[in-house]
Every structure is written in C-alpha cells, then in structure tokens.
Amino acid sequence: MKSNMLEQNWKPCQSHCQMSGAAAALLSIQDVCVIFNGPRWCAVIAERELTICKKSYEKRLFCAEVQETDLLFGADARIQFIIGQIKQMMQPVLLGVLTSCSLSLIGDDTRGIALAAKPGCPIVALDAGGLNGEFCSGWQMAMQAFLEEVKFSSMNQRSARRVNLLGCCSGYPDAAGDVAEWKRLLEAAGFEVGVCLGEDGLTLPAIATLPQATLNIVIAKELAENLAKDLQARWQQPYVSAPAPYGFRQSIEWVETIGRALKIPPQLTALQQEIDVAVDAVCEQYFLFQKMVPDFFLKRAVLALPYSRAVPLGRALRTEVLDIPDIVYCIQDAAFDLHEQNIDMAEMPPVALDTNSYQLLFGSRGARYAGEHWSHTVYINGYIPDSRIQRWHQTYTGIRGWQILMDAILQQLNILCHHNQTQ
C-alpha cells in the first residue's frame, strides 16, 4: 500500500500530457509539422485529442512508430525515415520532434538525429512525456523553444496602443471564438491587437512582429507567464497578467487593466451601452426561469479548469446574475504553487444534492465522468474539447460570451428540472 506521501508525489501519465500541449503549441503555427517520437499507442492518444480540437492537424502529425527493440538500440533510423517521408510530401517551416516517456529513458540525441536527416528547416526537439508534466507545461515549453528559432522584426516600429495576447490556446474549447471576442473588446476600447500567440493559423511573418507591441497581455498564467518574462528580458517589453474575462463587470475591468498598463484610458462608451442591453436580457431570462421553477436552487459550481480560467469564472458566477454560493475549485494542470494563489485543490464534491438543488460543472469529459449527481448537473465543456463539432464563433468569455453561457446554462437547467419533475 502506498503511503500518503507517495500518493501525492506519484505522477501517473495523464491523458492530457505535455506531449499534447507541446504539439498544440507548434501546430497552431502554419506549416509546422510534428513527429511523435514514441510508440503508436501513445501517439494515437495525443492525436485524438488534437484532432478533436482541429481536424486538419492530423495532416501535419507523424509518428516514429517506435518498437520494443528501439528502446534498446535507439530510434534514429525511424526518426530519419519519417523526416524523409515528410520532405517528400511537404515543406515545413519548422519540424517539432516530441519524445515520449519511454524513449526519453534511452537518452538519444534527438535533435542531432533529426538534423542529420537534413530536414531543410529548423528543428525543435523536446522531451515531452506525460510523466514529466501535463498539457500546459508542454505548451509553454514548446512555444519558448519555437521562439528561439524565429527571426524577429525591429523594435523601432513599436506602437503605443499595440498589444500582444500571450497564452491563447487552440487546444482549448471555443478557442477561435474566445480570441475573436478578446480582439473585439480591445479594438472597441481603442487598442490595436498585434499577435495572439497560440491562435490557430499564425504565420512566421506574423509572429515576427511580436516586438512591435508596447505591452504583452498574459491571458493564461499557466501557459505564458514565463514566456512573457523571457520577452521582457529580451526586448524590455512589459507585460500584465490579465486572465480571460468572464461576465460584464470583468470585461470592463479587463480593458481598464490594460489601459492602465499602457497609460492610455480605454474607450468604454460603446462597451457599456452593449452591457446595459445585455444585463436586462440576461436578468429577465433568469428571473422568468425562477418563476417557472419556484423551488429551484443553484447550489454550487465545480470548476475543473486551469487556474487562469477557474478563478475569474468563479468570481463571475458568484457576483453576476446567478449568485452561486459555493464554488469548488479542482484546478487542472497547475504549473505553480496554488497555495500562494490562495486556491486549494479539491476532489469532486461527495456531498449529495437534495431534490431541488443543482450544480454546474465546468471541465473536460474526464471531470464529468469523475463527478456525481448527473441528473442535477449542468455540464459545460471548458477544458480539452470533447466534441468534433467545431463551435467556431462561440465563446463563454467577454460580453457576448456571458450571454451565450447564461443561455446554455438555463437551457440545460430547464431540461433537467422538467425531467426530474416528471419522474
């Protein structure tokens, strides 16, 4: 039997491991190819997760098809064969070679092996096994390694109102809709949006303009804080941590935070007018629902999300419209000490819900399976997409996203309440 200390220190390989995160970062860049240097079964897990995010990624994903004998004698021949195949099919601007847990044990010089195959492009070679880390650490590690290979434009073209967004992630649900809403809020406030690093489809020339922004905005601390520190040291480019805003109040506070960092007051008139209309619509819809189901009680929200999503979402759920009294944080993929952030890890809550009580669960499909009280739970996929149906323009963040989220919650609650009342 393992002791409690062993249980805390033991890190089983997670399905959302850092190999998936590293591949998501690299594949978000146009014409980058990725080789999984590992066995097929390991690569299939990561490929499945990535192609749910974006089907076209499978065209730029390759596997070295490592066998048992390669764990003894090395996988150099397999890596070089795959690179030869890639060269025949396409001309990547960069090639990522991501080594899984088992291959990391033998100590191959993966970068040297890949360069010996003369790929005709830069190489990023990383040990990215799930035993060493999870999705977010892989994303940040790969993006930092990638930026070391980029030739950047001059800093002399820096614009006073221009900002970059760091920590956008194509491996998250509704990634395209989120970025579109963040850009919309910033532009409506009078700012210029430069590079949204991690946004799907970015080209090398676009990424090369990173130095032209006056400020970097760290959307996700667990993805991009170290990246922002590197860029600050390299170019004296300051950054501000401003997690994705949830709700109407946070949307205004978000652009105000960025305005203070830039020392340029944001333009808020149009955004505030939009919020005034939205608040009336959302409140009216929620109050009508409460009249239809008078004994209904929304007891708690369980947030099985990364830190930078869970904290602002929890705050909004407490304070805007729903007034949920109990927020349970099950922080996923923590890349730093949560106790310093005043966030405690929690397991799925075992406490039963009574007949008229309901809860919200934000997270992945795995979190949903680990939870209980399905008949009284509204599930929102907020971490690692669980559907191949792409919601290109949907977001739950910002002003428009909060309206969409409230509608989605009330629609599910309406179905659950009706079902439970008829049983």
# chains A, B, ... in the order shown; residues from 1 in each chain; ligands from 1

$ select_by_dssp --residues "region 41-286 of chain A" --states "strand (DSSP E)" --output "ChimeraX atom specification"
/A:61-63,94-99,123-127,159-166,192-197,213-218,239-241

$ write_last_selection --atoms "C-alpha atoms" --output "PDB file, in the first residue's frame"
ATOM      1  CA  LEU A  61       1.184  14.935 -37.330  1.00  0.00           C
ATOM      2  CA  PHE A  62       3.526  11.969 -37.760  1.00  0.00           C
ATOM      3  CA  CYS A  63       4.652   9.056 -35.603  1.00  0.00           C
ATOM      4  CA  LEU A  94       9.792  24.076 -38.722  1.00  0.00           C
ATOM      5  CA  LEU A  95       9.808  20.488 -37.515  1.00  0.00           C
ATOM      6  CA  GLY A  96       8.982  19.537 -33.941  1.00  0.00           C
ATOM      7  CA  VAL A  97      10.224  16.182 -32.624  1.00  0.00           C
ATOM      8  CA  LEU A  98       8.466  15.339 -29.348  1.00  0.00           C
ATOM      9  CA  THR A  99       9.865  12.407 -27.425  1.00  0.00           C
ATOM     10  CA  ILE A 123      14.262  21.683 -35.525  1.00  0.00           C
ATOM     11  CA  VAL A 124      12.640  21.868 -32.097  1.00  0.00           C
ATOM     12  CA  ALA A 125      13.391  18.631 -30.226  1.00  0.00           C
ATOM     13  CA  LEU A 126      11.865  18.179 -26.762  1.00  0.00           C
ATOM     14  CA  ASP A 127      11.398  15.513 -24.131  1.00  0.00           C
ATOM     15  CA  SER A 159       3.162  51.250 -31.496  1.00  0.00           C
ATOM     16  CA  ALA A 160       1.876  52.905 -28.309  1.00  0.00           C
ATOM     17  CA  ARG A 161      -1.581  51.275 -28.499  1.00  0.00           C
ATOM     18  CA  ARG A 162      -0.478  47.877 -29.794  1.00  0.00           C
ATOM     19  CA  VAL A 163      -0.711  44.805 -27.543  1.00  0.00           C
ATOM     20  CA  ASN A 164       0.016  41.095 -27.946  1.00  0.00           C
ATOM     21  CA  LEU A 165      -2.050  38.350 -26.350  1.00  0.00           C
ATOM     22  CA  LEU A 166       0.045  35.514 -24.913  1.00  0.00           C
ATOM     23  CA  GLU A 192      -4.545  47.748 -31.516  1.00  0.00           C
ATOM     24  CA  VAL A 193      -4.147  43.973 -31.380  1.00  0.00           C
ATOM     25  CA  GLY A 194      -0.864  42.572 -32.623  1.00  0.00           C
ATOM     26  CA  VAL A 195       0.000  38.876 -32.277  1.00  0.00           C
ATOM     27  CA  CYS A 196      -2.302  36.449 -30.457  1.00  0.00           C
ATOM     28  CA  LEU A 197       0.354  33.838 -29.754  1.00  0.00           C
ATOM     29  CA  ALA A 213       3.743  45.801 -29.380  1.00  0.00           C
ATOM     30  CA  THR A 214       4.148  48.067 -26.366  1.00  0.00           C
ATOM     31  CA  LEU A 215       2.592  45.545 -23.985  1.00  0.00           C
ATOM     32  CA  ASN A 216       2.110  41.793 -23.679  1.00  0.00           C
ATOM     33  CA  ILE A 217      -1.106  40.564 -22.079  1.00  0.00           C
ATOM     34  CA  VAL A 218      -0.804  37.210 -20.323  1.00  0.00           C
ATOM     35  CA  TYR A 239       3.589  42.517 -19.588  1.00  0.00           C
ATOM     36  CA  VAL A 240       0.452  42.442 -17.482  1.00  0.00           C
ATOM     37  CA  SER A 241      -1.381  39.377 -16.207  1.00  0.00           C
TER      38      SER A 241
END

$ residues_around --residues "region 201-208 of chain A" --least-positions-apart "3" --cutoff "10 Å" --atoms "only C-alpha atoms" --output "short mmCIF file (atom, residue, chain, number, x, y, z; two decimals) with C-alpha atoms, in the first residue's frame"
data_model
loop_
_atom_site.label_atom_id
_atom_site.label_comp_id
_atom_site.auth_asym_id
_atom_site.auth_seq_id
_atom_site.Cartn_x
_atom_site.Cartn_y
_atom_site.Cartn_z
CA LEU A 27 0.63 23.01 -34.72
CA SER A 28 -1.07 26.36 -34.13
CA ILE A 29 1.69 27.80 -36.35
CA GLN A 30 1.04 27.44 -40.06
CA ASP A 31 3.16 24.88 -41.94
CA VAL A 32 4.82 23.41 -38.83
CA VAL A 93 8.82 25.88 -41.92
CA LEU A 94 9.79 24.08 -38.72
CA LEU A 147 10.50 31.46 -30.41
CA VAL A 150 12.26 32.99 -35.05
CA LYS A 151 13.97 35.99 -36.66
CA PHE A 152 12.06 38.96 -35.26
CA SER A 153 11.41 42.35 -36.78
CA SER A 154 12.80 45.60 -35.42
CA SER A 170 -6.01 26.21 -29.96
CA GLY A 194 -0.86 42.57 -32.62
CA VAL A 195 0.00 38.88 -32.28
CA CYS A 196 -2.30 36.45 -30.46
CA LEU A 197 0.35 33.84 -29.75
CA GLY A 198 -1.20 30.37 -29.87
CA PRO A 211 8.41 43.15 -30.73
CA GLN A 212 6.22 45.85 -32.29
#

$ closest_residue --among "A:Leu210, A:Leu268, A:Ala189, A:Leu50" --to "Ala228 (chain A)" --atoms "only C-alpha atoms"
A:Leu210

$ closest_residue --among "A:Cys42, A:Cys121, A:Ala304, A:Cys168" --to "Gly363 (chain A)" --atoms "only C-alpha atoms"
A:Ala304

$ closest_residue --among "A:Val293, A:Leu360, A:Val279, A:Ala224" --to "Ile324 (chain A)" --atoms "only C-alpha atoms"
A:Leu360

$ residues_around --residues "Gly167 (chain A)" --least-positions-apart "3" --cutoff "6 Å" --atoms "only C-alpha atoms" --output "list in words"
Ile219, Ala220, Leu223 and Ala224 of chain A

$ atom_distance --atom1 "CA of Asn37 (chain A)" --atom2 "CA of Arg365 (chain A)"
27.0 Å

$ residues_around --residues "region 294-303 of chain A" --least-positions-apart "6" --cutoff "9 Å" --atoms "only C-alpha atoms" --output "ChimeraX atom specification"
/A:309-311,313-314,317,322-331,348-349,353,355-363,382,417

$ write_last_selection --atoms "N, CA and C atoms" --output "PDB file, in the first residue's frame"
ATOM      1  N   ARG A 309      -8.534  30.214 -15.915  1.00  0.00           N
ATOM      2  CA  ARG A 309      -9.932  30.178 -16.300  1.00  0.00           C
ATOM      3  C   ARG A 309     -10.831  30.024 -15.064  1.00  0.00           C
ATOM      4  N   ALA A 310     -10.384  29.193 -14.119  1.00  0.00           N
ATOM      5  CA  ALA A 310     -11.226  28.884 -12.971  1.00  0.00           C
ATOM      6  C   ALA A 310     -11.471  30.108 -12.084  1.00  0.00           C
ATOM      7  N   VAL A 311     -10.419  30.865 -11.797  1.00  0.00           N
ATOM      8  CA  VAL A 311     -10.551  31.964 -10.837  1.00  0.00           C
ATOM      9  C   VAL A 311     -11.485  33.070 -11.343  1.00  0.00           C
ATOM     10  N   LEU A 313     -13.779  32.861 -13.661  1.00  0.00           N
ATOM     11  CA  LEU A 313     -15.117  32.299 -13.837  1.00  0.00           C
ATOM     12  C   LEU A 313     -15.812  32.141 -12.486  1.00  0.00           C
ATOM     13  N   GLY A 314     -15.088  31.673 -11.467  1.00  0.00           N
ATOM     14  CA  GLY A 314     -15.680  31.539 -10.138  1.00  0.00           C
ATOM     15  C   GLY A 314     -16.163  32.864  -9.592  1.00  0.00           C
ATOM     16  N   LEU A 317     -19.400  33.830 -11.430  1.00  0.00           N
ATOM     17  CA  LEU A 317     -20.553  33.016 -11.032  1.00  0.00           C
ATOM     18  C   LEU A 317     -21.082  33.420  -9.659  1.00  0.00           C
ATOM     19  N   LEU A 322     -26.250  34.873 -11.350  1.00  0.00           N
ATOM     20  CA  LEU A 322     -26.554  33.583 -10.746  1.00  0.00           C
ATOM     21  C   LEU A 322     -26.355  33.563  -9.232  1.00  0.00           C
ATOM     22  N   ASP A 323     -25.387  34.296  -8.715  1.00  0.00           N
ATOM     23  CA  ASP A 323     -25.116  34.380  -7.274  1.00  0.00           C
ATOM     24  C   ASP A 323     -24.942  33.003  -6.645  1.00  0.00           C
ATOM     25  N   ILE A 324     -24.091  32.173  -7.210  1.00  0.00           N
ATOM     26  CA  ILE A 324     -23.881  30.818  -6.702  1.00  0.00           C
ATOM     27  C   ILE A 324     -23.056  30.892  -5.413  1.00  0.00           C
ATOM     28  N   PRO A 325     -23.546  30.323  -4.303  1.00  0.00           N
ATOM     29  CA  PRO A 325     -22.860  30.492  -3.021  1.00  0.00           C
ATOM     30  C   PRO A 325     -21.595  29.664  -2.853  1.00  0.00           C
ATOM     31  N   ASP A 326     -21.520  28.495  -3.486  1.00  0.00           N
ATOM     32  CA  ASP A 326     -20.416  27.573  -3.236  1.00  0.00           C
ATOM     33  C   ASP A 326     -19.651  27.318  -4.529  1.00  0.00           C
ATOM     34  N   ILE A 327     -18.393  27.726  -4.574  1.00  0.00           N
ATOM     35  CA  ILE A 327     -17.525  27.488  -5.732  1.00  0.00           C
ATOM     36  C   ILE A 327     -16.450  26.486  -5.308  1.00  0.00           C
ATOM     37  N   VAL A 328     -16.389  25.363  -6.005  1.00  0.00           N
ATOM     38  CA  VAL A 328     -15.403  24.321  -5.710  1.00  0.00           C
ATOM     39  C   VAL A 328     -14.369  24.311  -6.829  1.00  0.00           C
ATOM     40  N   TYR A 329     -13.103  24.575  -6.480  1.00  0.00           N
ATOM     41  CA  TYR A 329     -12.026  24.623  -7.466  1.00  0.00           C
ATOM     42  C   TYR A 329     -11.302  23.283  -7.516  1.00  0.00           C
ATOM     43  N   CYS A 330     -11.253  22.689  -8.693  1.00  0.00           N
ATOM     44  CA  CYS A 330     -10.459  21.482  -8.943  1.00  0.00           C
ATOM     45  C   CYS A 330      -9.449  21.847 -10.028  1.00  0.00           C
ATOM     46  N   ILE A 331      -8.444  22.625  -9.644  1.00  0.00           N
ATOM     47  CA  ILE A 331      -7.531  23.231 -10.607  1.00  0.00           C
ATOM     48  C   ILE A 331      -6.798  22.158 -11.403  1.00  0.00           C
ATOM     49  N   MET A 348     -13.682  15.923  -6.590  1.00  0.00           N
ATOM     50  CA  MET A 348     -15.081  16.122  -6.908  1.00  0.00           C
ATOM     51  C   MET A 348     -15.910  16.044  -5.619  1.00  0.00           C
ATOM     52  N   PRO A 349     -16.815  16.980  -5.380  1.00  0.00           N
ATOM     53  CA  PRO A 349     -17.514  17.044  -4.094  1.00  0.00           C
ATOM     54  C   PRO A 349     -18.425  15.833  -3.892  1.00  0.00           C
ATOM     55  N   LEU A 353     -26.751  16.319  -3.400  1.00  0.00           N
ATOM     56  CA  LEU A 353     -27.666  17.425  -3.663  1.00  0.00           C
ATOM     57  C   LEU A 353     -29.081  16.962  -3.334  1.00  0.00           C
ATOM     58  N   THR A 355     -33.337  17.299  -3.664  1.00  0.00           N
ATOM     59  CA  THR A 355     -34.198  17.176  -4.844  1.00  0.00           C
ATOM     60  C   THR A 355     -34.227  18.427  -5.696  1.00  0.00           C
ATOM     61  N   ASN A 356     -34.229  19.592  -5.077  1.00  0.00           N
ATOM     62  CA  ASN A 356     -34.383  20.846  -5.816  1.00  0.00           C
ATOM     63  C   ASN A 356     -33.064  21.597  -6.020  1.00  0.00           C
ATOM     64  N   SER A 357     -31.945  20.973  -5.636  1.00  0.00           N
ATOM     65  CA  SER A 357     -30.652  21.635  -5.771  1.00  0.00           C
ATOM     66  C   SER A 357     -29.921  21.147  -7.019  1.00  0.00           C
ATOM     67  N   TYR A 358     -29.220  22.078  -7.659  1.00  0.00           N
ATOM     68  CA  TYR A 358     -28.484  21.766  -8.884  1.00  0.00           C
ATOM     69  C   TYR A 358     -27.071  22.343  -8.783  1.00  0.00           C
ATOM     70  N   GLN A 359     -26.199  21.838  -9.648  1.00  0.00           N
ATOM     71  CA  GLN A 359     -24.831  22.334  -9.688  1.00  0.00           C
ATOM     72  C   GLN A 359     -24.373  22.495 -11.128  1.00  0.00           C
ATOM     73  N   LEU A 360     -23.354  23.341 -11.306  1.00  0.00           N
ATOM     74  CA  LEU A 360     -22.685  23.498 -12.589  1.00  0.00           C
ATOM     75  C   LEU A 360     -21.348  22.782 -12.523  1.00  0.00           C
ATOM     76  N   LEU A 361     -20.964  22.140 -13.605  1.00  0.00           N
ATOM     77  CA  LEU A 361     -19.654  21.503 -13.705  1.00  0.00           C
ATOM     78  C   LEU A 361     -18.984  21.981 -14.983  1.00  0.00           C
ATOM     79  N   PHE A 362     -17.878  22.714 -14.820  1.00  0.00           N
ATOM     80  CA  PHE A 362     -17.069  23.170 -15.948  1.00  0.00           C
ATOM     81  C   PHE A 362     -15.796  22.337 -15.975  1.00  0.00           C
ATOM     82  N   GLY A 363     -15.502  21.702 -17.113  1.00  0.00           N
ATOM     83  CA  GLY A 363     -14.291  20.921 -17.204  1.00  0.00           C
ATOM     84  C   GLY A 363     -14.268  20.064 -18.448  1.00  0.00           C
ATOM     85  N   GLY A 382     -15.314  23.009 -20.671  1.00  0.00           N
ATOM     86  CA  GLY A 382     -14.463  24.184 -20.572  1.00  0.00           C
ATOM     87  C   GLY A 382     -12.980  23.900 -20.659  1.00  0.00           C
ATOM     88  N   CYS A 417     -34.725  20.193 -14.896  1.00  0.00           N
ATOM     89  CA  CYS A 417     -35.839  20.407 -13.964  1.00  0.00           C
ATOM     90  C   CYS A 417     -37.102  19.728 -14.466  1.00  0.00           C
TER      91      CYS A 417
END
